[in-house]
Amino acid sequence: MNEEPTVYEVMAAAVSHELKDFERWFLGLATGEETILLLSHVPLVGMALAQHTHAPNSVMSVAGWGLNPVLNEMPTLESEIPTTTIHWRCEAHITMSAPFHPFATKRGDVDVGFASAAHVDKYGNCNTVCIGDYHRPKIRLIGPVNQPLHFSCFGREIIIMPHEKRNFVDRVDFISGVGYLDGPEARSRLGFLGSGPVMILTDKAVFDFEPKTKLARLKSLHPGVSLEDTRGNTGYVHNFMPEEVAITPQPTPEELRIIREVIDPRGVLLPR
Amino acid sequence: MNEEPTVYEVMAAAVSHELKDFERWFLGLATGEETILLLSHVPLVGMALAQHTHAPNSVMSVAGWGLNPVLNEMPTLESEIPTTTIHWRCEAHITMSAPFHPFATKRGDVDVGFASAAHVDKYGNCNTVCIGDYHRPKIRLIGPVNQPLHFSCFGREIIIMPHEKRNFVDRVDFISGVGYLDGPEARSRLGFLGSGPVMILTDKAVFDFEPKTKLARLKSLHPGVSLEDTRGNTGYVHNFMPEEVAITPQPTPEELRIIREVIDPRGVLLPR
Amino acid sequence: MSVVQLKEKLCSLAEAAKLIKNGSRITFGGFTIHNHPMAFIYELIRQGVKDLTIVGFTNGNEVDILVGAGCVKRIETCYVGLEKFGVAPNFRRAVEKGEIEVVEYSEDLAIERFQCSARGDPFIPSRILFGSDIPKYNRDIKEGVSPLDGGKYHAIPPADPEWVIVHTPMGDRYGNALYFPNMQLPMNWDLVMTRTTNKVIVTVEQIIDRERVLRLSHLNMIPRFRNVAIVEAPYGAHPSSYLQLYNFDAEHLTMYARLARDPAEFKKYLDKYVYGVKSHLDYLKLIGVENLMKIRHVGGGL
Amino acid sequence: MSVVQLKEKLCSLAEAAKLIKNGSRITFGGFTIHNHPMAFIYELIRQGVKDLTIVGFTNGNEVDILVGAGCVKRIETCYVGLEKFGVAPNFRRAVEKGEIEVVEYSEDLAIERFQCSARGDPFIPSRILFGSDIPKYNRDIKEGVSPLDGGKYHAIPPADPEWVIVHTPMGDRYGNALYFPNMQLPMNWDLVMTRTTNKVIVTVEQIIDRERVLRLSHLNMIPRFRNVAIVEAPYGAHPSSYLQLYNFDAEHLTMYARLARDPAEFKKYLDKYVYGVKSHLDYLKLIGVENLMKIRHVGGGL
């Protein structure tokens with residue numbers, strides 16, 4: 001392992017470090033090629049890395065087709081789902097929907113979910129529905145998909161998105177995924193099972209949420225990313241954009257070996 | 001076909017004559033050997049007879065395992081259900097429960113159902129729960145089973161029971177299946193989809209319900225049964241026990257041939 | 001049973017599509033870019049049906065083309081998109097122009113609405129929408145108070161479509177429709193949709209003999225009594241995939257996603273692939289045997 | 001995945017049964033006289049568990065023997081009976097004497113309560129109980145008014161068991177539990193019960209290798225994360241049937257139904273078949289190889 005880790009490998013390691021043993025993780029489908037790389041492949045590798053290191057008893061549910069797939073046998077994920085997924089090796093195939101689905105999602109079965117959005121705001125609220133006025137939107141997006149469930153019932157949510165200024169707003173135009181809504185008391189007032197978003201992971205940085213205010217704050221920059229670059233690309237400004245921040249931990253050589261030799265030996269999940 | 005029809009064949013023909021083409025019929029499980037004969041085998045043969053005569057497009061759902069079974073290949077019905085039903089020939093096996101069950105029972109998919117009870121009263125209300133005070137019953141019965149559904153959502157209900165005086169009461173102690181409750185207006189007040197019980201079929205007679213009052217009335221006696229015998233064995237008395245009644249139509253020679261040669265050639269369903 | 005007396009429900013795409021009147025409340029099976037009854041949808045467009053209300057779930061190219069062809073008035077859905085091929089261009093444009101009404105549901109509730117219909121319940125009591133903007137804009141959802149714990153809930157209306165159209169691998173001329181074993185989730189979702197109305201139309205890859213249906217009775221998941229019509233349409237989901245039988249046509253969907261961005265280009269697409277073909281077989285000839293063989297997947301149902 | 005680090009959940013009947021404390025809210029899989037986890041139930045009786053609340057559905061000999069052994073305080077159910085073998089004698093006697101509390105549900109609602117739990121909904125809004133005496137005596141059911149159509153409904157509480165025990169054909173030592181293909185309804189009902197709690201215990205006919213589980217992943221319907229323990233119990237449903245594997249033991253159930261009518265006779269039955277055996281294998285020896293071979297059904301899962 002002489003090569004430096006790619007940004008995707010750094011992101012996958014960041015996902016892995018957030019995950020714990022005996023947890024249940026839920027990954028849905030994404031729309032568009034770029035989103036698929038960030039929202040499907042990065043967390044897939046991150047979850048697999050956790051299973052190969054510190055979380056062997058965890059269970060990942062992937063794209064509604066199976067639990068704990070054997071990733072190194074995969075062709076590219078999205079393009080082959082239709083006809084071959086049922087024949088891929090995994091620990092359990094998912095053939096029935098709720099109430100027979102192995103994950104009783106609204107009973108709190110899912111410990112960690114993954115979401116993306118066109119817009120995320122300072123309280124971690126997500127918008128996948130529309131930009132502008134709802135009735136005559138400037139841009140219509142895909143719709144709420146499964147975000148209300150992810151953000152109300154899942155234990156913790158990891159938001160993954162490309163780091164572009166337009167993606168970060170003060171207040172989203174349509175709340176499809178409820179972060180901390182308007183402050184630290186909101187979630188308990190709404191009676192939610194889950195504890196809400198814990199991380200915004202981009203291709204430049206990691207944000208977390210300040211415990212008292214629940215405002216998003218820059219936690220670390222990925223290796224080689226400057227603070228100025230990040231600041232310039234973060235559309236909203238708040239108290240938690242510091243002058244100096246940490247560097248996102250790189251994958252260890254052993255983690256990098258597992259990613260490249262065990263999980264994704266053919267490089268179909270993460271470009272390198 | 002020189003032999004006279006048995007009482008079970010007369011009953012099966014009475015069931016057949018009540019059924020129409022393109023209908024959907026629902027048969028559940030029964031408790032106890034005698035009830036199984038009356039409540040499972042008689043309607044099975046009756047439904048099959050209808051399909052072989054005037055109702056080829058009808059569908060029968062049997063004991064939760066299949067639609068339109070090929071009856072003449074059956075061993076005795078109840079005793080072999082556990083291990084072999086899945087291998088019996090039928091038009092469709094039932095493998096999933098609601099909301100995936102082929103019959104959406106509460107949307108009105110079932111046109112005719114069959115029920116039995118320890119007690120039936122003059123308005124066709126049925127009791128399968130307890131005799132005497134609910135909290136310290138004289139006799140505890142099996143429980144409500146599926147009666148609330150049968151009597152609220154199924155198009156018409158056929159009640160089949162042994163003709164014993166103790167089975168007919170003025171008012172049941174526990175209403176598990178709602179007939180006409182307390183009069184002709186009750187069912188529309190309760191907002192039920194189904195039109196309620198249309199027939200009480202016993203081993204001696206057929207009762208229907210007088211259209212205006214919805215009180216059960218003797219409609220016909222099976223061949224060879226005397227009115228005195230029936231009266232003596234009907235625990236409640238009301239205005240519709242006439243001095244002279246019709247005779248339940250016997251199966252025609254062709255119907256008898258179909259029952260004995262086509263439907264039940266080995267005599268495992270109806271004793272003869 | 002006297003087979004000779006059974007009512008035949010086999011009919012042509014044109015005959016089946018004629019059953020759908022303007023303004024119908026309709027559901028199409030399938031998920032994103034998988035398993036949609038596309039041959040039926042093309043025929044609906046050719047017949048010029050208008051003002052449909054689509055009771056949807058996770059919709060894709062089937063809804064986008066109907067919107068682009070001007071057939072749709074309202075969509076109840078959680079998603080309209082083309083999965084790896086990006087946004088649904090016609091849908092997006094129509095919403096931005098205010099030409100269609102969208103009624104938003106979350107994904108879990110969008111499918112549970114069909115389960116609610118199948119169960120015959122008056123509504124779903126749900127507690128996952130608090131804080132989101134869905135109940136603010138979806139006026140069909142009302143707030144209630146639970147008689148059990150006194151807490152608030154949202155009453156989600158059942159799906160209650162009038163028509164449900166799904167595509168399955170095989171069926172007989174009397175309307176029985178069969179699936180392969182090892183169902184995947186989209187088949188399970190389709191199945192529950194067929195339990196929500198008696199006006200089901202099934203298109204199948206192939207019509208098979210009744211005797212084979214009786215031998216495969218454990219696969220007869222949509223028995224004939226549920227259906228009003230059955231239609232044979234080989235590769236009838238193209239350019240969607242039909243899971244276990246063929247992949248989606250990636251080249252075609254890439255082209256579709258590009259052309260649909262421009263109304264004039266999309267008009268040419270419709271002229272060529274929908275209005276310009278006389279029959280489903282003509283459509284398959286236009287797609288070409290090479291493409292059909294390329295996406296084919298043998299043994300997928302095993 | 002690093003197989004060596006996986007937590008093993010395989011344990012003995014005695015260890016698994018010890019998890020159930022007095023007063024637990026518990027559900028047993030199976031239907032009337034089919035598919036019940038009888039070996040587990042015998043062990044519960046041997047351990048002398050008390051005051052169980054059984055969250056039931058269509059119950060049979062599994063509940064009757066628990067009631068007769070004095071383990072039960074309350075049953076939420078739609079049916080307790082022995083199907084062709086008649087009424088459930090211990091249940092009947094206990095209710096008539098006022099020794100146990102019964103909470104009545106209709107059959108459809110009894111199973112939908114488990115679906116309601118699995119979906120995480122606060123209640124089921126139902127309109128089939130009007131006019132019946134069920135809501136009069138079942139005080140857990142409350143009346144409400146629909147926010148959508150203004151009509152009345154009954155709010156049916158979810159099942160919400162703490163423990164769920166089911167029997168399946170096979171599983172691995174890590175807790176994965178598999179069914180045969182071509183499920184029948186009782187397996188489907190069991191399955192939904194396992195989605196209503198994280199405290200699931202599975203007894204299986206046979207423990208199989210993890211490698212076989214990975215090859216049969218489409219049959220892995222109860223993945224290990226749902227289970228806290230897995231126990232091997234061949235013929236573990238006897239004298240119930242296990243559909244696809246063996247029929248019920250008709251002679252044994254006939255004897256049971258006869259002896260259970262008399263408390264003294266039933267005591268002897270318990271002494272012989274439950275208290276008198278040291279292990280499940282001893283029980284099978286007592287039943288005898290001839291009986292076990294007679295009820296066996298080979299190829300039932302095909």
# chains A, B, ... in the order shown; residues from 1 in each chain; ligands from 1
call {"tool": "residues_around", "arguments": {"residues": "Phe100 (chain A)", "least_positions_apart": "3", "cutoff": "12 Å", "atoms": "only C-alpha atoms", "output": "PyMOL selection string"}}
result
(chain A and resi 94-97+103-105) or (chain B and resi 96-100) or (chain C and resi 185+188-189) or (chain D and resi 112+114-119+187-196+221-222)
call {"tool": "residues_around", "arguments": {"residues": "region 48-54 of chain B", "least_positions_apart": "2", "cutoff": "12 Å", "atoms": "only C-alpha atoms", "output": "PyMOL selection string"}}
result
(chain B and resi 9-25+41-46+56-62+67-72+251-252+254-264+269) or (chain C and resi 1-6)
call {"tool": "select_by_dssp", "arguments": {"residues": "region 130-215 of chain A", "states": "strand (DSSP E or B)", "output": "list in words"}}
result
Cys130, Ile131, Ile139, Arg140, Arg156, Glu157, Ile158, Ile159, Ile160, Phe168, Val169, Gly177, Pro197, Val198, Met199, Ile200, Leu201, Ala205, Val206, Phe207, Asp208 and Phe209 of chain A
call {"tool": "interface_residues", "arguments": {"of": "chain D", "to": "chain C", "cutoff": "10 Å", "atoms": "only C-alpha atoms", "output": "VMD selection string"}}
result
chain D and resid 108 112 119 to 128 140 to 149 151 to 157 181 to 184 218 to 219
call {"tool": "write_last_selection", "arguments": {"atoms": "N, CA and C atoms", "output": "compact mmCIF listing (two decimals), in the first residue's frame"}}
result
# COMPACT_ATOMS: atom_id res chain seq x y z
N ASP D 108 -58.94 -12.21 12.17
CA ASP D 108 -58.20 -11.29 11.30
C ASP D 108 -57.46 -10.25 12.14
N GLU D 112 -53.51 -9.33 12.58
CA GLU D 112 -53.14 -7.97 12.14
C GLU D 112 -52.54 -7.16 13.28
N ARG D 119 -45.24 -2.97 11.81
CA ARG D 119 -45.24 -1.69 11.11
C ARG D 119 -44.94 -0.52 12.04
N GLY D 120 -45.06 -0.75 13.35
CA GLY D 120 -44.82 0.32 14.31
C GLY D 120 -45.95 1.33 14.40
N ASP D 121 -47.15 0.94 13.97
CA ASP D 121 -48.29 1.85 14.06
C ASP D 121 -48.88 1.83 15.48
N PRO D 122 -49.48 2.95 15.90
CA PRO D 122 -50.01 3.01 17.29
C PRO D 122 -51.26 2.17 17.51
N PHE D 123 -52.03 1.90 16.45
CA PHE D 123 -53.23 1.06 16.56
C PHE D 123 -53.72 0.69 15.17
N ILE D 124 -54.69 -0.23 15.10
CA ILE D 124 -55.39 -0.54 13.85
C ILE D 124 -56.77 0.10 13.93
N PRO D 125 -57.14 0.94 12.95
CA PRO D 125 -58.52 1.43 12.93
C PRO D 125 -59.40 0.40 12.23
N SER D 126 -60.38 -0.16 12.94
CA SER D 126 -61.17 -1.26 12.40
C SER D 126 -62.66 -0.96 12.50
N ARG D 127 -63.39 -1.46 11.51
CA ARG D 127 -64.84 -1.24 11.51
C ARG D 127 -65.63 -2.54 11.42
N ILE D 128 -65.01 -3.65 11.81
CA ILE D 128 -65.74 -4.91 11.67
C ILE D 128 -66.34 -5.38 12.98
N ASP D 140 -59.40 -3.21 26.18
CA ASP D 140 -58.23 -2.62 25.53
C ASP D 140 -58.59 -1.94 24.22
N ILE D 141 -59.77 -2.25 23.71
CA ILE D 141 -60.24 -1.66 22.45
C ILE D 141 -61.07 -0.42 22.77
N LYS D 142 -60.73 0.69 22.12
CA LYS D 142 -61.45 1.95 22.37
C LYS D 142 -62.04 2.49 21.07
N GLU D 143 -63.12 3.24 21.20
CA GLU D 143 -63.75 3.80 20.02
C GLU D 143 -63.16 5.16 19.67
N GLY D 144 -63.00 5.43 18.38
CA GLY D 144 -62.50 6.72 17.91
C GLY D 144 -63.31 7.18 16.72
N VAL D 145 -62.99 8.38 16.24
CA VAL D 145 -63.66 8.94 15.07
C VAL D 145 -62.61 9.25 14.02
N SER D 146 -62.82 8.80 12.80
CA SER D 146 -61.83 8.99 11.74
C SER D 146 -61.70 10.45 11.35
N PRO D 147 -60.47 10.98 11.33
CA PRO D 147 -60.26 12.35 10.87
C PRO D 147 -60.55 12.51 9.38
N LEU D 148 -60.65 11.39 8.65
CA LEU D 148 -60.86 11.49 7.20
C LEU D 148 -62.34 11.53 6.84
N ASP D 149 -63.12 10.55 7.31
CA ASP D 149 -64.52 10.52 6.88
C ASP D 149 -65.50 10.79 8.02
N GLY D 151 -66.38 8.97 10.38
CA GLY D 151 -67.07 7.78 10.88
C GLY D 151 -66.35 7.17 12.07
N LYS D 152 -67.11 6.43 12.87
CA LYS D 152 -66.51 5.77 14.04
C LYS D 152 -65.62 4.60 13.64
N TYR D 153 -64.65 4.30 14.47
CA TYR D 153 -63.84 3.09 14.30
C TYR D 153 -63.45 2.57 15.66
N HIS D 154 -63.03 1.32 15.71
CA HIS D 154 -62.42 0.78 16.92
C HIS D 154 -60.91 0.81 16.79
N ALA D 155 -60.23 1.37 17.79
CA ALA D 155 -58.77 1.35 17.82
C ALA D 155 -58.32 0.04 18.47
N ILE D 156 -57.69 -0.81 17.65
CA ILE D 156 -57.22 -2.12 18.12
C ILE D 156 -55.76 -1.99 18.51
N PRO D 157 -55.38 -2.36 19.72
CA PRO D 157 -53.98 -2.18 20.13
C PRO D 157 -53.05 -3.16 19.42
N PRO D 181 -39.01 -23.53 0.84
CA PRO D 181 -39.77 -22.76 -0.14
C PRO D 181 -41.26 -23.12 -0.05
N ASN D 182 -42.08 -22.45 -0.85
CA ASN D 182 -43.53 -22.72 -0.85
C ASN D 182 -44.10 -22.66 0.56
N MET D 183 -43.86 -21.55 1.21
CA MET D 183 -44.41 -21.38 2.55
C MET D 183 -45.92 -21.58 2.53
N GLN D 184 -46.44 -22.07 3.62
CA GLN D 184 -47.88 -22.10 3.80
C GLN D 184 -48.25 -20.99 4.78
N HIS D 218 -31.88 -17.14 0.13
CA HIS D 218 -33.26 -16.75 -0.18
C HIS D 218 -34.25 -17.41 0.77
N LEU D 219 -33.79 -18.39 1.57
CA LEU D 219 -34.67 -19.03 2.54
C LEU D 219 -34.43 -18.53 3.97
call {"tool": "closest_atom_pairs", "arguments": {"of": "chain C", "to": "chain A", "cutoff": "9 Å", "atoms": "only C-alpha atoms", "output": "Markdown table"}}
result
| residue | atom | partner | partner_atom | distance |
| --- | --- | --- | --- | --- |
| C:His34 | CA | A:Pro82 | CA | 7.1 |
| C:Thr58 | CA | A:Val145 | CA | 7.6 |
| C:Thr77 | CA | A:Gly143 | CA | 7.7 |
| C:Cys78 | CA | A:Val145 | CA | 4.9 |
| C:Tyr79 | CA | A:Gly143 | CA | 4.6 |
| C:Val80 | CA | A:Ile142 | CA | 5.4 |
| C:Gly81 | CA | A:Ile142 | CA | 5.7 |
| C:Leu82 | CA | A:Thr31 | CA | 6.8 |
| C:Glu83 | CA | A:Thr31 | CA | 4.3 |
| C:Lys84 | CA | A:Gly32 | CA | 4.4 |
| C:Phe85 | CA | A:Gly32 | CA | 5.5 |
| C:Gly86 | CA | A:Gly32 | CA | 4.0 |
| C:Val87 | CA | A:Ile142 | CA | 6.7 |
| C:Ala88 | CA | A:Ile142 | CA | 7.8 |
| C:Phe91 | CA | A:Arg140 | CA | 8.4 |
| C:Arg92 | CA | A:Arg140 | CA | 5.3 |
| C:Arg93 | CA | A:Arg140 | CA | 7.7 |
| C:Val95 | CA | A:Arg140 | CA | 6.6 |
| C:Glu96 | CA | A:Pro137 | CA | 5.3 |
| C:Lys97 | CA | A:Arg136 | CA | 6.7 |
| C:Gly98 | CA | A:Arg136 | CA | 5.9 |
| C:Glu101 | CA | A:His135 | CA | 8.6 |
| C:Glu104 | CA | A:Pro144 | CA | 7.1 |
| C:Tyr105 | CA | A:Pro144 | CA | 6.9 |
| C:Ser106 | CA | A:Val145 | CA | 5.4 |
| C:Glu107 | CA | A:Asn146 | CA | 4.7 |
| C:Asp108 | CA | A:Asn146 | CA | 6.5 |
| C:Leu109 | CA | A:Asn146 | CA | 9.0 |
| C:Glu112 | CA | A:Ala98 | CA | 8.2 |
| C:Arg127 | CA | A:Phe192 | CA | 8.3 |
| C:Ile128 | CA | A:Ser152 | CA | 5.8 |
| C:Leu129 | CA | A:Pro148 | CA | 6.1 |
| C:Phe130 | CA | A:Leu190 | CA | 6.1 |
| C:Gly131 | CA | A:Val178 | CA | 6.1 |
| C:Ser132 | CA | A:Ile175 | CA | 5.0 |
| C:Asp133 | CA | A:Ile175 | CA | 5.2 |
| C:Ile134 | CA | A:Ser176 | CA | 7.1 |
| C:Tyr137 | CA | A:Tyr134 | CA | 8.2 |
| C:Asn182 | CA | A:Thr95 | CA | 6.9 |
| C:Met183 | CA | A:Thr95 | CA | 5.5 |
| C:Gln184 | CA | A:Thr95 | CA | 4.6 |
| C:Leu185 | CA | A:Thr95 | CA | 5.1 |
| C:Pro186 | CA | A:Thr95 | CA | 8.6 |
| C:Met187 | CA | A:Thr95 | CA | 8.5 |
| C:Asn188 | CA | A:Met96 | CA | 5.9 |
| C:Trp189 | CA | A:Ser97 | CA | 7.0 |
| C:Ser241 | CA | A:Pro82 | CA | 6.3 |
| C:Tyr242 | CA | A:Pro82 | CA | 7.2 |
| C:Leu243 | CA | A:Pro82 | CA | 4.9 |
| C:Gln244 | CA | A:Thr83 | CA | 4.8 |
| C:Leu245 | CA | A:Thr83 | CA | 6.7 |
| C:Tyr246 | CA | A:Thr83 | CA | 6.2 |
| C:Asn247 | CA | A:Pro82 | CA | 5.7 |
| C:Phe248 | CA | A:Pro82 | CA | 7.4 |
| C:Ala250 | CA | A:Ser79 | CA | 8.3 |
| C:Arg296 | CA | A:Thr83 | CA | 8.9 |
| C:His297 | CA | A:Thr83 | CA | 6.6 |
| C:Gly300 | CA | A:Thr83 | CA | 6.4 |
| C:Gly301 | CA | A:Ile86 | CA | 8.9 |
| C:Leu302 | CA | A:His87 | CA | 8.8 |
call {"tool": "select_by_dssp", "arguments": {"residues": "region 98-225 of chain D", "states": "helix (DSSP H, G or I)", "output": "ChimeraX atom specification"}}
result
/D:107-119,134-137,185-193,210-215,217-219,224-225
call {"tool": "atom_distance", "arguments": {"atom1": "CA of Gly155 (chain B)", "atom2": "CA of Ala229 (chain C)"}}
result
23.9 Å
call {"tool": "residues_around", "arguments": {"residues": "Gly124 (chain A)", "least_positions_apart": "5", "cutoff": "12 Å", "atoms": "only C-alpha atoms", "output": "MDAnalysis selection string"}}
result
chainID A and resid 115:117 119 151 157:160 167:172 175:184 187 196:201 207:210 213:217
call {"tool": "write_last_selection", "arguments": {"atoms": "N, CA and C atoms", "output": "short mmCIF file (atom, residue, chain, number, x, y, z; two decimals), in the first residue's frame"}}
result
data_model
loop_
_atom_site.label_atom_id
_atom_site.label_comp_id
_atom_site.auth_asym_id
_atom_site.auth_seq_id
_atom_site.Cartn_x
_atom_site.Cartn_y
_atom_site.Cartn_z
N ALA A 115 -28.45 9.19 4.03
CA ALA A 115 -29.31 10.03 3.20
C ALA A 115 -28.48 11.02 2.42
N SER A 116 -29.03 11.49 1.30
CA SER A 116 -28.46 12.61 0.59
C SER A 116 -29.59 13.60 0.35
N ALA A 117 -29.26 14.78 -0.16
CA ALA A 117 -30.30 15.77 -0.41
C ALA A 117 -29.74 16.83 -1.34
N HIS A 119 -30.50 19.99 -0.79
CA HIS A 119 -30.20 21.01 0.21
C HIS A 119 -30.20 20.41 1.62
N PHE A 151 -35.32 9.86 9.08
CA PHE A 151 -35.01 10.90 10.06
C PHE A 151 -35.88 10.84 11.31
N GLU A 157 -28.55 9.18 11.63
CA GLU A 157 -28.53 9.34 10.18
C GLU A 157 -27.22 9.98 9.76
N ILE A 158 -26.61 9.42 8.72
CA ILE A 158 -25.41 10.01 8.14
C ILE A 158 -25.80 10.63 6.80
N ILE A 159 -25.61 11.94 6.69
CA ILE A 159 -25.96 12.65 5.46
C ILE A 159 -24.69 12.74 4.60
N ILE A 160 -24.79 12.29 3.36
CA ILE A 160 -23.63 12.33 2.47
C ILE A 160 -24.00 13.14 1.23
N ASN A 167 -25.55 23.65 -2.01
CA ASN A 167 -26.20 22.57 -1.26
C ASN A 167 -26.45 22.92 0.21
N PHE A 168 -25.76 23.96 0.70
CA PHE A 168 -25.87 24.31 2.12
C PHE A 168 -26.69 25.58 2.25
N VAL A 169 -27.82 25.50 2.89
CA VAL A 169 -28.68 26.69 3.01
C VAL A 169 -29.03 26.94 4.48
N ASP A 170 -29.51 28.13 4.74
CA ASP A 170 -29.89 28.48 6.10
C ASP A 170 -31.13 27.70 6.52
N ARG A 171 -32.08 27.61 5.59
CA ARG A 171 -33.34 26.93 5.89
C ARG A 171 -33.82 26.28 4.59
N VAL A 172 -34.05 24.99 4.60
CA VAL A 172 -34.49 24.32 3.37
C VAL A 172 -35.91 24.78 3.01
N ILE A 175 -39.02 20.57 3.97
CA ILE A 175 -38.39 19.60 4.88
C ILE A 175 -38.90 18.21 4.55
N SER A 176 -38.07 17.39 3.92
CA SER A 176 -38.45 15.99 3.68
C SER A 176 -37.84 15.10 4.77
N GLY A 177 -36.62 15.45 5.21
CA GLY A 177 -36.00 14.75 6.33
C GLY A 177 -35.81 15.72 7.48
N VAL A 178 -36.40 15.40 8.62
CA VAL A 178 -36.37 16.32 9.76
C VAL A 178 -35.09 16.11 10.57
N GLY A 179 -34.20 17.10 10.52
CA GLY A 179 -33.00 17.03 11.35
C GLY A 179 -33.36 17.44 12.77
N TYR A 180 -32.82 18.61 13.19
CA TYR A 180 -33.20 19.12 14.50
C TYR A 180 -34.25 20.23 14.35
N LEU A 181 -34.86 20.29 13.17
CA LEU A 181 -35.98 21.19 12.84
C LEU A 181 -35.61 22.65 13.12
N ASP A 182 -35.84 23.12 14.36
CA ASP A 182 -35.56 24.52 14.67
C ASP A 182 -34.81 24.68 15.98
N GLY A 183 -34.28 23.58 16.49
CA GLY A 183 -33.51 23.71 17.71
C GLY A 183 -33.41 22.41 18.49
N PRO A 184 -32.68 22.43 19.58
CA PRO A 184 -32.35 21.19 20.29
C PRO A 184 -33.54 20.48 20.94
N ARG A 187 -36.84 17.49 18.47
CA ARG A 187 -37.05 16.06 18.22
C ARG A 187 -37.82 15.39 19.35
N GLY A 196 -31.57 11.32 15.26
CA GLY A 196 -31.37 12.33 14.23
C GLY A 196 -30.02 12.27 13.56
N PRO A 197 -29.73 13.27 12.69
CA PRO A 197 -28.46 13.24 11.95
C PRO A 197 -27.28 13.45 12.89
N VAL A 198 -26.20 12.71 12.63
CA VAL A 198 -25.00 12.84 13.46
C VAL A 198 -23.82 13.34 12.66
N MET A 199 -23.94 13.31 11.34
CA MET A 199 -22.78 13.64 10.52
C MET A 199 -23.25 14.11 9.15
N ILE A 200 -22.59 15.17 8.63
CA ILE A 200 -22.72 15.49 7.21
C ILE A 200 -21.35 15.22 6.61
N LEU A 201 -21.31 14.25 5.71
CA LEU A 201 -20.04 13.82 5.13
C LEU A 201 -20.01 14.29 3.69
N PHE A 207 -18.92 17.28 8.94
CA PHE A 207 -19.61 18.15 9.90
C PHE A 207 -20.27 17.28 10.95
N ASP A 208 -20.32 17.79 12.18
CA ASP A 208 -21.19 17.14 13.16
C ASP A 208 -22.16 18.20 13.69
N PHE A 209 -22.85 17.88 14.76
CA PHE A 209 -23.83 18.83 15.29
C PHE A 209 -23.46 19.18 16.73
N GLU A 210 -23.35 20.45 17.00
CA GLU A 210 -22.93 20.92 18.32
C GLU A 210 -23.98 20.46 19.34
N THR A 213 -26.66 23.30 20.89
CA THR A 213 -27.54 24.03 19.96
C THR A 213 -28.06 23.15 18.84
N LYS A 214 -27.40 22.02 18.59
CA LYS A 214 -27.72 21.14 17.46
C LYS A 214 -27.50 21.83 16.11
N LEU A 215 -26.63 22.82 16.10
CA LEU A 215 -26.26 23.45 14.84
C LEU A 215 -25.11 22.66 14.20
N ALA A 216 -25.17 22.54 12.87
CA ALA A 216 -24.08 21.84 12.17
C ALA A 216 -22.78 22.62 12.35
N ARG A 217 -21.68 21.89 12.57
CA ARG A 217 -20.38 22.56 12.69
C ARG A 217 -19.33 21.72 11.97
#
call {"tool": "decode", "arguments": {"residues": "region 140-155 of chain C", "atoms": "C-alpha atoms", "output": "short mmCIF file (atom, residue, chain, number, x, y, z; two decimals), in the first residue's frame"}}
result
data_model
loop_
_atom_site.label_atom_id
_atom_site.label_comp_id
_atom_site.auth_asym_id
_atom_site.auth_seq_id
_atom_site.Cartn_x
_atom_site.Cartn_y
_atom_site.Cartn_z
CA ASP C 140 -55.56 14.55 2.06
CA ILE C 141 -53.70 13.83 5.31
CA LYS C 142 -55.50 14.91 8.49
CA GLU C 143 -54.42 14.97 12.11
CA GLY C 144 -56.17 12.87 14.74
CA VAL C 145 -55.76 11.83 18.37
CA SER C 146 -55.29 8.17 19.31
CA PRO C 147 -58.10 6.75 21.46
CA LEU C 148 -55.50 4.48 23.07
CA ASP C 149 -52.62 6.70 24.20
CA GLY C 150 -54.04 10.17 23.58
CA GLY C 151 -51.13 11.10 21.30
CA LYS C 152 -51.50 12.79 17.94
CA TYR C 153 -51.24 10.91 14.66
CA HIS C 154 -51.64 11.60 10.97
CA ALA C 155 -54.48 9.74 9.24
#
